[in-house]
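To start, the structure itself, in structure tokens.
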Amino acid sequence: FERAVVRLVQVPLNENQFSALVSFTFNVGAGNLEKSKLLFLLNRGWYDQVPFQMRQWNHAKGEVLGGLTRRRVAESNLWGLFC
């Protein structure tokens with residue numbers, strides 16, 4: 001998943017941003033990251049949009065799951081914006 005993040009992300013990341021994105025990618029898959037709006041915005045330098053985009057990935061089979069919501073909040077906090 002680290003290799004996928006390195007391959008797909010075209011902008012510099014700090015250590016926390018990289019770790020948050022690796023965790024996110026581990027959970028949702030590299031293919032989903034590759035085709036995500038999150039990656040599209042990030043690669044255009046819109047770092048501030050990443051936490052919001054991460055938090056959108058809290059559904060399974062159309063249902064919001066508490067565990068996924070907590071995980072996305074933790075990843076977005078690790079990203080560093082504490083939104």
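Residues are referred to by chain and number: the chain letter is A, B, ... according to the order shown in the structure tokens, the number counts from 1 in that chain, and ligands are numbered separately from 1 in the order shown.
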- Which residues come within 6 Å of Glu2 in chain A, counting only C-alpha atoms, excluding same-chain residues fewer than 2 positions away, as a PyMOL selection string? chain A and resi 4-5+22
Take the selection from the previous step and output its residues with C-alpha atoms, as a JSON list (two decimals), in the first residue's frame.
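Dumped to selection10.json:
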```json
[["chain", "number", "residue", "atom", "x", "y", "z"],
["A", 4, "ALA", "CA", 0.66, 2.38, -4.32],
["A", 5, "VAL", "CA", 0.62, 5.73, -2.50],
["A", 22, "VAL", "CA", -1.40, 4.41, 3.48]]
```
- Task: Report as a PyMOL selection string: the residues of chain A with a DSSP assignment of strand (DSSP E or B), based on the backbone of this structure.
- Result: chain A and resi 59-60+63-64
- As a check of understanding: the span from CA of Arg44 in chain A to CA of Gln10 in chain A is 8.5 Å
- Task: Find the residues around Thr25 in chain A up to 12 Å (only C-alpha atoms counted), leave out those fewer than 6 positions away in its own chain, and share them as a ChimeraX atom specification.
- Result: /A:1-6,8-9,18-19,31-36,38-39,54,57,72,75
- Using the chain letters and numbers from this document, which residues of chain A does DSSP assign to alpha helix (DSSP H), as JSON, numbers by chain? {"A": [2, 3, 4, 5, 6, 7, 8, 15, 16, 17, 18, 19, 20, 21, 22, 23, 24, 25, 26, 27, 28, 30, 31, 32, 33, 34, 37, 38, 39, 40, 41, 42, 50, 51, 52, 53, 54, 55, 66, 67, 68, 69, 70, 71, 72, 73, 74, 75, 76, 77, 78, 79]}
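Near Val73 in chain A, within 12 Å and counting only C-alpha atoms, sit Ala20, Ser23, Phe24, Val50, Pro51, Phe52, Gln53, Met54, Arg55, Gln56, Trp57, Asn58, Gly66, Gly67, Trp79, Gly80, Leu81, Phe82 and Cys83 of chain A, not including residues fewer than 6 positions from it in the same chain.
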- Among listed residues A:Ala74, A:Gly29, A:Gln17, A:Val64, nearest Tyr47 in chain A (using only C-alpha atoms):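 With only C-alpha atoms as the atom set, the closest residue is A:Gln17.
The space between CA of Ser76 in chain A and CA of Asn16 in chain A spans 9.8 Å.
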- Find the residue from A:Val28, A:Leu41, A:Arg7, A:Leu13 that sits nearest to His59 in chain A; use only C-alpha atoms when measuring. A:Val28
